[in-house]
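*Asks:* mmCIF, C-alpha atoms, file run15.cif:
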```
data_structure
loop_
_atom_site.label_atom_id
_atom_site.label_comp_id
_atom_site.auth_asym_id
_atom_site.auth_seq_id
_atom_site.Cartn_x
_atom_site.Cartn_y
_atom_site.Cartn_z
CA MET A 1 -19.55 13.11 -16.21
CA GLY A 2 -16.01 13.07 -17.57
CA ALA A 3 -14.19 10.02 -18.79
CA GLN A 4 -11.91 10.22 -15.77
CA PHE A 5 -14.84 9.29 -13.55
CA LEU A 6 -15.48 6.03 -15.34
CA ALA A 7 -13.62 4.13 -12.70
CA ALA A 8 -13.23 0.41 -13.12
CA LYS A 9 -14.87 -1.17 -10.10
CA HIS A 10 -14.80 -4.70 -11.36
CA GLN A 11 -13.84 -7.36 -8.92
CA PHE A 12 -12.75 -10.91 -9.62
CA ASP A 13 -14.95 -13.85 -8.87
CA SER A 14 -13.52 -16.25 -6.32
CA ALA A 15 -12.02 -18.73 -8.80
CA THR A 16 -10.42 -16.04 -10.94
CA GLU A 17 -9.05 -14.33 -7.86
CA GLN A 18 -7.48 -17.57 -6.65
CA ALA A 19 -5.91 -18.19 -10.05
CA ILE A 20 -4.50 -14.66 -10.17
CA ILE A 21 -3.18 -14.95 -6.62
CA GLU A 22 -1.38 -18.17 -7.53
CA GLN A 23 0.16 -16.54 -10.59
CA CYS A 24 1.15 -13.46 -8.58
CA ARG A 25 2.81 -15.66 -5.96
CA ARG A 26 5.06 -16.92 -8.75
CA ARG A 27 5.82 -13.27 -9.56
CA ASP A 28 3.83 -13.32 -12.78
CA PHE A 29 4.04 -9.71 -13.86
CA VAL A 30 1.08 -9.91 -16.24
CA ALA A 31 -1.18 -11.40 -13.55
CA PHE A 32 -0.15 -8.70 -11.11
CA GLY A 33 -1.03 -6.15 -13.78
CA LYS A 34 -4.58 -7.54 -13.82
CA LEU A 35 -4.71 -7.19 -10.08
CA ILE A 36 -3.64 -3.56 -10.36
CA ASP A 37 -6.24 -2.93 -13.05
CA ALA A 38 -8.95 -4.26 -10.77
CA TYR A 39 -8.00 -2.35 -7.65
CA GLN A 40 -6.03 0.75 -8.61
CA SER A 41 -8.99 3.15 -8.67
CA ARG A 42 -10.41 1.94 -5.40
CA VAL A 43 -7.10 1.90 -3.58
CA LEU A 44 -6.19 5.33 -4.90
CA GLY A 45 -9.66 6.64 -4.00
CA PHE A 46 -9.30 5.30 -0.47
CA VAL A 47 -5.82 6.78 -0.06
CA ARG A 48 -6.86 10.12 -1.60
CA ARG A 49 -9.63 10.50 0.94
CA ARG A 50 -7.24 9.69 3.76
CA ILE A 51 -4.26 11.74 2.54
CA ARG A 52 -5.43 14.96 1.05
CA HIS A 53 -2.11 15.88 -0.54
CA GLU A 54 -2.49 14.68 -4.12
CA GLU A 55 1.14 13.84 -4.87
CA GLU A 56 1.59 12.05 -1.55
CA ALA A 57 -1.59 10.08 -2.12
CA LEU A 58 -0.39 8.99 -5.57
CA ASP A 59 2.95 7.88 -4.12
CA ILE A 60 1.28 5.96 -1.30
CA ALA A 61 -1.09 4.22 -3.72
CA GLN A 62 1.93 3.07 -5.73
CA GLU A 63 3.59 1.94 -2.53
CA VAL A 64 0.54 -0.19 -1.73
CA PHE A 65 1.00 -2.21 -4.91
CA ILE A 66 4.78 -2.42 -4.52
CA LYS A 67 4.36 -3.76 -0.97
CA ALA A 68 1.72 -6.17 -2.21
CA TYR A 69 4.02 -7.37 -4.98
CA GLN A 70 6.84 -7.93 -2.50
CA ALA A 71 4.62 -9.69 0.02
CA MET A 72 2.50 -11.67 -2.43
CA PRO A 73 4.51 -14.91 -2.09
CA ASN A 74 3.65 -14.80 1.63
CA PHE A 75 -0.05 -13.98 1.16
CA ASP A 76 -1.79 -16.85 2.94
CA GLY A 77 -5.28 -16.17 1.62
CA ARG A 78 -6.88 -16.11 5.06
CA SER A 79 -8.39 -12.75 4.20
CA SER A 80 -9.69 -11.68 0.83
CA LEU A 81 -7.32 -10.04 -1.61
CA LYS A 82 -9.27 -6.80 -1.35
CA SER A 83 -9.15 -6.84 2.42
CA TRP A 84 -5.40 -7.54 2.31
CA LEU A 85 -4.75 -4.67 -0.11
CA PHE A 86 -6.79 -2.24 1.94
CA ARG A 87 -4.97 -3.31 5.09
CA ILE A 88 -1.68 -2.43 3.40
CA ALA A 89 -3.18 0.88 2.26
CA HIS A 90 -4.52 1.62 5.75
CA ASN A 91 -1.17 0.89 7.39
CA LEU A 92 0.71 3.04 4.89
CA CYS A 93 -1.70 5.93 5.48
CA ILE A 94 -1.24 5.61 9.25
CA ASP A 95 2.55 5.50 8.83
CA HIS A 96 2.45 8.53 6.57
CA VAL A 97 0.42 10.56 9.06
CA ARG A 98 2.77 9.55 11.88
CA LYS A 99 5.89 10.40 9.89
CA ASN A 100 4.52 13.79 8.99
CA GLY A 101 3.60 14.45 12.59
CA ARG A 102 0.04 15.31 11.77
CA GLN A 103 -2.18 14.96 14.77
CA PRO A 104 -5.28 12.88 14.22
CA GLN A 105 -8.27 15.15 13.96
CA THR A 106 -10.79 14.71 16.73
CA LEU A 107 -14.41 15.20 15.96
CA TRP A 108 -16.92 15.94 18.64
CA LEU A 109 -20.43 15.56 17.41
CA GLU A 110 -23.44 16.97 19.05
CA GLN A 111 -26.36 14.69 19.03
CA ASN A 112 -28.39 15.33 15.96
CA ASP A 113 -31.84 14.82 17.45
CA GLU A 114 -32.92 18.36 16.74
CA ALA A 115 -31.70 18.34 13.16
CA GLU A 116 -34.35 18.26 10.53
CA PRO A 117 -34.83 14.68 9.37
CA LEU A 118 -33.68 14.10 5.84
CA ASP A 119 -36.35 13.51 3.29
CA PHE A 120 -35.13 10.41 1.53
CA ALA A 121 -38.05 10.51 -0.84
CA ASP A 122 -36.38 13.62 -2.22
CA HIS A 123 -35.14 12.85 -5.74
CA ARG A 124 -31.76 14.35 -4.87
CA TRP A 125 -31.04 11.32 -2.70
CA GLU A 126 -31.12 8.93 -5.58
CA PRO A 127 -27.55 7.72 -6.17
CA GLU A 128 -27.74 8.72 -9.85
CA SER A 129 -28.94 12.18 -8.90
CA LEU A 130 -26.21 12.48 -6.32
CA ALA A 131 -23.58 11.69 -8.91
CA MET A 132 -25.02 14.27 -11.27
CA ASN A 133 -25.26 16.97 -8.61
CA GLN A 134 -21.62 17.86 -8.33
CA GLU A 135 -22.33 20.42 -5.64
CA LEU A 136 -23.87 17.78 -3.41
CA VAL A 137 -21.03 15.40 -4.19
CA ASP A 138 -18.62 18.12 -3.08
CA VAL A 139 -20.55 18.54 0.18
CA VAL A 140 -20.31 14.81 0.86
CA GLU A 141 -16.60 14.71 -0.03
CA SER A 142 -15.96 17.77 2.12
CA ALA A 143 -17.80 16.16 5.04
CA ILE A 144 -15.73 12.98 4.66
CA GLU A 145 -12.58 15.09 4.53
CA SER A 146 -13.43 17.05 7.65
CA MET A 147 -14.24 14.09 9.88
CA SER A 148 -11.60 12.41 11.99
CA ASP A 149 -9.45 9.81 10.29
CA LYS A 150 -10.71 6.97 12.46
CA LEU A 151 -14.34 7.71 11.56
CA ARG A 152 -13.46 8.24 7.92
CA THR A 153 -11.61 4.92 7.66
CA VAL A 154 -14.54 2.91 8.96
CA LEU A 155 -17.06 4.84 6.85
CA LEU A 156 -15.10 4.36 3.63
CA LEU A 157 -14.41 0.68 4.21
CA HIS A 158 -18.00 -0.12 5.15
CA ASP A 159 -20.14 2.09 2.96
CA ARG A 160 -17.85 2.53 0.00
CA GLU A 161 -15.91 -0.72 -0.11
CA ASP A 162 -18.79 -2.81 1.18
CA MET A 163 -16.73 -4.57 3.83
CA GLY A 164 -18.17 -6.31 6.86
CA TYR A 165 -17.67 -5.27 10.48
CA GLU A 166 -15.24 -8.12 11.21
CA GLU A 167 -13.21 -7.40 8.10
CA ILE A 168 -12.89 -3.73 9.05
CA ALA A 169 -12.04 -4.66 12.64
CA GLU A 170 -9.18 -6.77 11.33
CA ILE A 171 -7.90 -4.07 9.00
CA ALA A 172 -8.09 -1.25 11.53
CA GLN A 173 -7.09 -3.47 14.47
CA ILE A 174 -10.05 -2.39 16.59
CA PRO A 175 -12.93 -4.30 18.22
CA VAL A 176 -16.07 -4.95 16.19
CA GLY A 177 -18.10 -2.86 18.63
CA THR A 178 -15.82 0.09 17.98
CA VAL A 179 -16.29 -0.35 14.23
CA LYS A 180 -20.04 -0.09 14.72
CA SER A 181 -19.89 2.94 16.98
CA ARG A 182 -17.51 4.75 14.62
CA LEU A 183 -19.68 3.95 11.63
CA PHE A 184 -22.74 5.30 13.40
CA LEU A 185 -20.94 8.53 14.35
CA ALA A 186 -19.48 8.98 10.87
CA ARG A 187 -22.88 8.62 9.24
CA THR A 188 -24.46 10.93 11.78
CA TYR A 189 -21.86 13.57 10.99
CA LEU A 190 -22.37 13.07 7.25
CA GLN A 191 -26.09 13.42 7.67
CA LYS A 192 -25.62 16.64 9.62
CA CYS A 193 -23.40 18.16 6.92
CA VAL A 194 -25.70 17.19 4.07
CA SER A 195 -28.86 18.33 5.85
CA GLU A 196 -27.22 21.70 6.49
CA TYR A 197 -26.53 21.99 2.78
CA LEU A 198 -29.97 20.83 1.69
CA TYR A 199 -32.19 22.66 4.14
CA GLN A 200 -30.25 25.68 5.30
CA GLY A 201 -28.07 26.98 2.55
CA GLY A 202 -26.81 25.30 -0.53
CA SER A 203 -29.99 23.67 -1.72
CA LYS A 204 -31.21 25.02 -5.03
CA MET B 1 -30.77 7.66 20.73
CA ASN B 2 -30.36 8.51 24.37
CA PRO B 3 -27.65 11.10 25.17
CA ASP B 4 -25.83 8.78 27.54
CA LEU B 5 -25.32 6.18 24.81
CA PHE B 6 -24.27 8.87 22.35
CA ARG B 7 -21.65 10.12 24.81
CA LYS B 8 -20.42 6.56 25.31
CA LEU B 9 -20.06 6.10 21.57
CA GLN B 10 -18.06 9.27 21.26
CA ASN B 11 -15.76 8.28 24.10
CA GLU B 12 -15.59 4.71 22.80
CA GLU B 13 -16.62 3.40 26.17
CA PRO B 14 -17.76 -0.21 26.62
CA LEU B 15 -21.46 -0.74 25.98
CA SER B 16 -23.95 -2.93 27.78
CA ILE B 17 -25.84 -5.57 25.81
CA GLN B 18 -28.89 -3.33 25.80
CA GLU B 19 -26.83 -0.46 24.40
CA MET B 20 -25.28 -2.72 21.77
CA ILE B 21 -28.74 -3.66 20.60
CA GLU B 22 -29.74 -0.01 20.49
CA LEU B 23 -26.64 0.74 18.39
CA GLU B 24 -27.46 -2.10 15.99
CA LEU B 25 -30.97 -0.73 15.57
CA ALA B 26 -29.65 2.76 14.95
CA LEU B 27 -27.30 1.44 12.25
CA GLU B 28 -30.13 -0.44 10.61
CA GLN B 29 -32.18 2.74 10.66
CA GLN B 30 -29.33 4.58 8.95
CA ASP B 31 -29.16 1.82 6.32
CA SER B 32 -32.87 2.04 5.64
CA ASP B 33 -32.63 5.83 5.46
CA GLY B 34 -30.13 5.43 2.64
CA LEU B 35 -27.25 7.02 4.54
CA ASP B 36 -25.02 4.14 3.50
CA GLN B 37 -25.42 5.37 -0.09
CA LEU B 38 -24.08 8.84 0.59
CA THR B 39 -20.41 7.96 0.40
CA LEU B 40 -20.95 6.38 -3.01
CA ALA B 41 -21.71 9.79 -4.45
CA GLY B 42 -18.13 10.61 -5.43
CA GLU B 43 -16.55 8.43 -8.08
CA ASP B 44 -13.01 7.10 -7.90
CA LYS B 45 -10.91 8.41 -10.73
CA ILE B 46 -8.79 6.06 -12.79
CA PRO B 47 -5.12 6.87 -12.17
CA SER B 48 -3.28 8.45 -15.08
CA LEU B 49 -1.22 6.42 -17.52
CA ALA B 50 1.88 8.21 -16.26
CA TRP B 51 1.13 6.98 -12.75
CA ARG B 52 0.62 3.45 -13.99
CA SER B 53 3.74 3.56 -16.12
CA SER B 54 5.77 4.79 -13.16
CA LEU B 55 4.32 2.00 -11.01
CA ASN B 56 5.24 -0.58 -13.64
CA GLU B 57 8.81 0.67 -13.69
CA LYS B 58 9.06 0.43 -9.92
CA LEU B 59 7.62 -3.08 -9.99
CA LEU B 60 10.09 -4.13 -12.67
CA GLU B 61 12.88 -2.86 -10.45
CA GLN B 62 11.48 -5.01 -7.67
CA GLN B 63 11.40 -7.97 -10.02
CA HIS B 64 15.09 -7.50 -10.86
CA VAL B 65 16.26 -7.10 -7.29
CA PRO B 66 16.23 -10.80 -6.38
CA LYS B 67 17.93 -11.77 -9.66
CA GLU B 68 20.68 -9.23 -9.05
CA LYS B 69 21.13 -10.55 -5.54
CA VAL B 70 21.40 -14.11 -6.84
CA ARG B 71 23.86 -12.95 -9.49
CA TYR B 72 25.91 -11.19 -6.82
CA TRP B 73 26.08 -14.29 -4.64
CA LEU B 74 26.75 -16.53 -7.63
CA SER B 75 29.65 -14.33 -8.76
CA GLY B 76 31.05 -14.42 -5.24
CA ALA B 77 30.76 -18.19 -5.09
CA ALA B 78 32.35 -18.51 -8.55
CA ALA B 79 35.28 -16.32 -7.48
CA ALA B 80 35.76 -18.44 -4.36
CA ALA B 81 35.70 -21.61 -6.48
CA VAL B 82 38.32 -20.20 -8.86
CA ILE B 83 40.57 -19.25 -5.94
CA ALA B 84 40.14 -22.71 -4.45
CA ALA B 85 40.96 -24.36 -7.79
CA VAL B 86 44.06 -22.20 -8.24
CA ALA B 87 45.19 -23.01 -4.73
CA PHE B 88 44.57 -26.69 -5.33
CA PHE B 89 46.36 -27.01 -8.68
CA VAL B 90 49.03 -24.32 -8.55
CA TRP B 91 50.20 -24.53 -4.96
CA PRO B 92 51.36 -28.19 -5.13
CA SER B 93 53.30 -27.47 -8.35
CA GLN B 94 55.07 -24.54 -6.67
CA THR B 95 55.96 -26.59 -3.64
CA SER B 96 57.28 -29.31 -5.96
CA ASN B 97 59.88 -26.80 -7.24
CA LEU B 98 61.37 -26.52 -3.82
CA PRO B 99 64.69 -28.28 -3.38
CA GLN B 100 63.92 -31.72 -2.14
CA ILE B 101 65.55 -32.64 1.06
CA ASP B 102 67.00 -36.05 0.87
CA GLN B 103 65.98 -37.59 4.13
CA LYS B 104 68.51 -40.37 3.58
CA ASP B 105 71.35 -37.86 3.29
CA PRO B 106 73.66 -38.58 6.23
CA ILE B 107 74.16 -34.85 6.77
CA VAL B 108 70.46 -34.20 7.01
CA GLN B 109 69.91 -37.19 9.16
CA SER B 110 72.81 -36.25 11.33
CA LYS B 111 71.93 -35.30 14.85
CA ASP B 112 75.45 -34.23 15.37
CA PRO B 113 75.37 -30.91 17.24
CA SER B 114 78.69 -29.88 15.69
CA ILE B 115 79.10 -26.44 14.06
CA GLY B 116 79.55 -28.07 10.65
CA SER B 117 76.23 -29.87 10.76
CA MET B 118 74.49 -26.71 12.08
CA ILE B 119 75.88 -24.68 9.13
CA VAL B 120 74.74 -27.34 6.67
CA ASP B 121 71.28 -27.50 8.30
CA GLY B 122 71.01 -23.71 8.19
CA HIS B 123 72.09 -23.62 4.55
CA VAL B 124 69.52 -26.25 3.58
CA LEU B 125 66.83 -24.34 5.52
CA ASP B 126 67.80 -21.06 3.83
CA ASN B 127 67.57 -22.65 0.38
CA VAL B 128 64.13 -24.01 1.16
CA ASN B 129 62.98 -20.63 2.47
CA MET B 130 64.38 -18.73 -0.53
CA ALA B 131 62.75 -21.14 -2.97
CA ALA B 132 59.48 -20.60 -1.13
CA GLY B 133 59.88 -16.84 -1.49
CA ILE B 134 60.76 -16.15 2.12
CA SER B 135 63.66 -13.68 2.12
CA VAL B 136 66.49 -14.33 4.47
CA PRO B 137 67.16 -11.38 6.70
CA GLU B 138 70.34 -9.69 5.64
CA ASP B 139 73.11 -9.52 8.17
CA PRO B 140 73.81 -5.82 8.73
CA LEU B 141 77.43 -6.54 9.67
CA ALA B 142 78.07 -8.37 6.38
CA SER B 143 76.95 -5.45 4.23
CA ASP B 144 79.13 -2.98 6.13
CA TYR B 145 82.26 -5.06 5.90
CA ASP B 146 84.79 -3.88 3.33
CA TRP B 147 86.21 -6.96 1.68
CA LYS B 148 88.90 -4.97 -0.17
CA THR B 149 90.62 -4.18 3.06
CA LEU B 150 90.74 -7.89 3.79
CA GLU B 151 92.48 -8.53 0.44
CA THR B 152 94.99 -5.72 0.93
CA SER B 153 95.79 -6.80 4.43
CA ASN B 154 96.92 -10.13 3.01
#
```
If you convert what's in this file into structure tokens, what do you get?

*Replies:*
Amino acid sequence: MGAQFLAAKHQFDSATEQAIIEQCRRRDFVAFGKLIDAYQSRVLGFVRRRIRHEEEALDIAQEVFIKAYQAMPNFDGRSSLKSWLFRIAHNLCIDHVRKNGRQPQTLWLEQNDEAEPLDFADHRWEPESLAMNQELVDVVESAIESMSDKLRTVLLLHDREDMGYEEIAEIAQIPVGTVKSRLFLARTYLQKCVSEYLYQGGSK
Amino acid sequence: MNPDLFRKLQNEEPLSIQEMIELELALEQQDSDGLDQLTLAGEDKIPSLAWRSSLNEKLLEQQHVPKEKVRYWLSGAAAAAVIAAVAFFVWPSQTSNLPQIDQKDPIVQSKDPSIGSMIVDGHVLDNVNMAAGISVPEDPLASDYDWKTLETSN
């Protein structure tokens, strides 16, 4: 595992976050730097998975923090800082797709009842093993890339960013029930892709 | 999961309470199967130092924008204040250089509509206008008149 993968996933505790928010509201550049340190990898990861063009994704990730810096004095703290940042990122991704005239990909899943159930006792399913098996990681990333943006958004926010249904509903501006149905479909699609790799072809 | 519910999920149709419960159970099953862990497989890379440096530069520009705006408005306000001060202090001194009209002067006070008083009034008005920088329109007939011929005719 290269050094570039050692992403900082630290998150502030509530008190520290409040203190940093207060400092950022007063346009404290150093405090905002701490905020960037804490969230840059996650925001960029989220944007990269939404916008597959690397340079565009890097620009959008910068734009997220610039927008946040501009809007920080008006941040009311009703949502968490993370949720607020990801809402900005989500909106910028949506705007980018609209500006570039890319049609949202639609994904029609067939029900996966006949698919072979995954053996989760298999050692390859251990998160550590997954990280080490780059081929499997690529299959997962490829599956995330190929699903529709609306499924991908919910999947990433819930399973990767550990956000709740209500939080995601607020970010994506959709009902909570829709968040749940999209999450279910996204996971079902992911399962289908991985099971095809494990049991039909790529498994070694 | 029954096919009808699956179709409803794909079409994002409204669900009955029973179907909502079935969806909740299906999500819990996915959690217990470890499917929620799959997306954690790929790590997020730390952005490059060049990216961060570029972001810092853009943020610094943002930080300077309000100051520049304030400076712009302050310079505008300062210029307006200077103009107002000049107008206040210089204008009265200029007007004080104008020939003062003696209101007690019997000629000025005169309401006599005779030609003499009209000439005097006009002369006084011309002097005031010239002192104020207002040029008196030149009489085209006066400039064309050859005064030498007048002298020789005498």

*Asks:* Measure the distance from CA of Thr39 in chain B to CA of Leu44 in chain A in Å and round it to one decimal.

*Replies:*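 Atom-to-atom, CA of Thr39 in chain B and CA of Leu44 in chain A are spaced 15.4 Å apart.
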
*Asks:* Counting only C-alpha atoms, a student should be able to say which residues of chain B come within 8 Å of chain A; what is the right answer, written as a PyMOL selection string?

*Replies:* chain B and resi 1+3+6+9-10+12+20+23-24+26-27+30+33-47+51+55+58-59+62-63

*Asks:* CA of Lys99 in chain A and CA of Val47 in chain A are how many Å apart?

*Replies:*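 Pair CA of Lys99 in chain A / CA of Val47 in chain A returns 15.8 Å.
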
*Asks:* How many Å separate CA of Cys93 in chain A from CA of Arg50 in chain A?

*Replies:*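 Computing it gives 6.9 Å between the two atoms.
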
*Asks:* As lines of an AutoDock Vina configuration file, please report the centre and edge lengths, rounded to one decimal in Å, of the axis-aligned box that holds all listed atoms of range 75-86 of chain A with 4 Å of padding on each of the six sides.

*Replies:*
```
center_x = -4.9
center_y = -9.5
center_z = 1.7
size_x = 17.6
size_y = 22.6
size_z = 14.7
```

*Asks:* Residue by residue, what does the PyMOL selection byres ((chain A and resi 77) around 12) grab here? Present the result as a ChimeraX atom specification.

*Replies:* /A:14,17-22,25,71-76,78-85
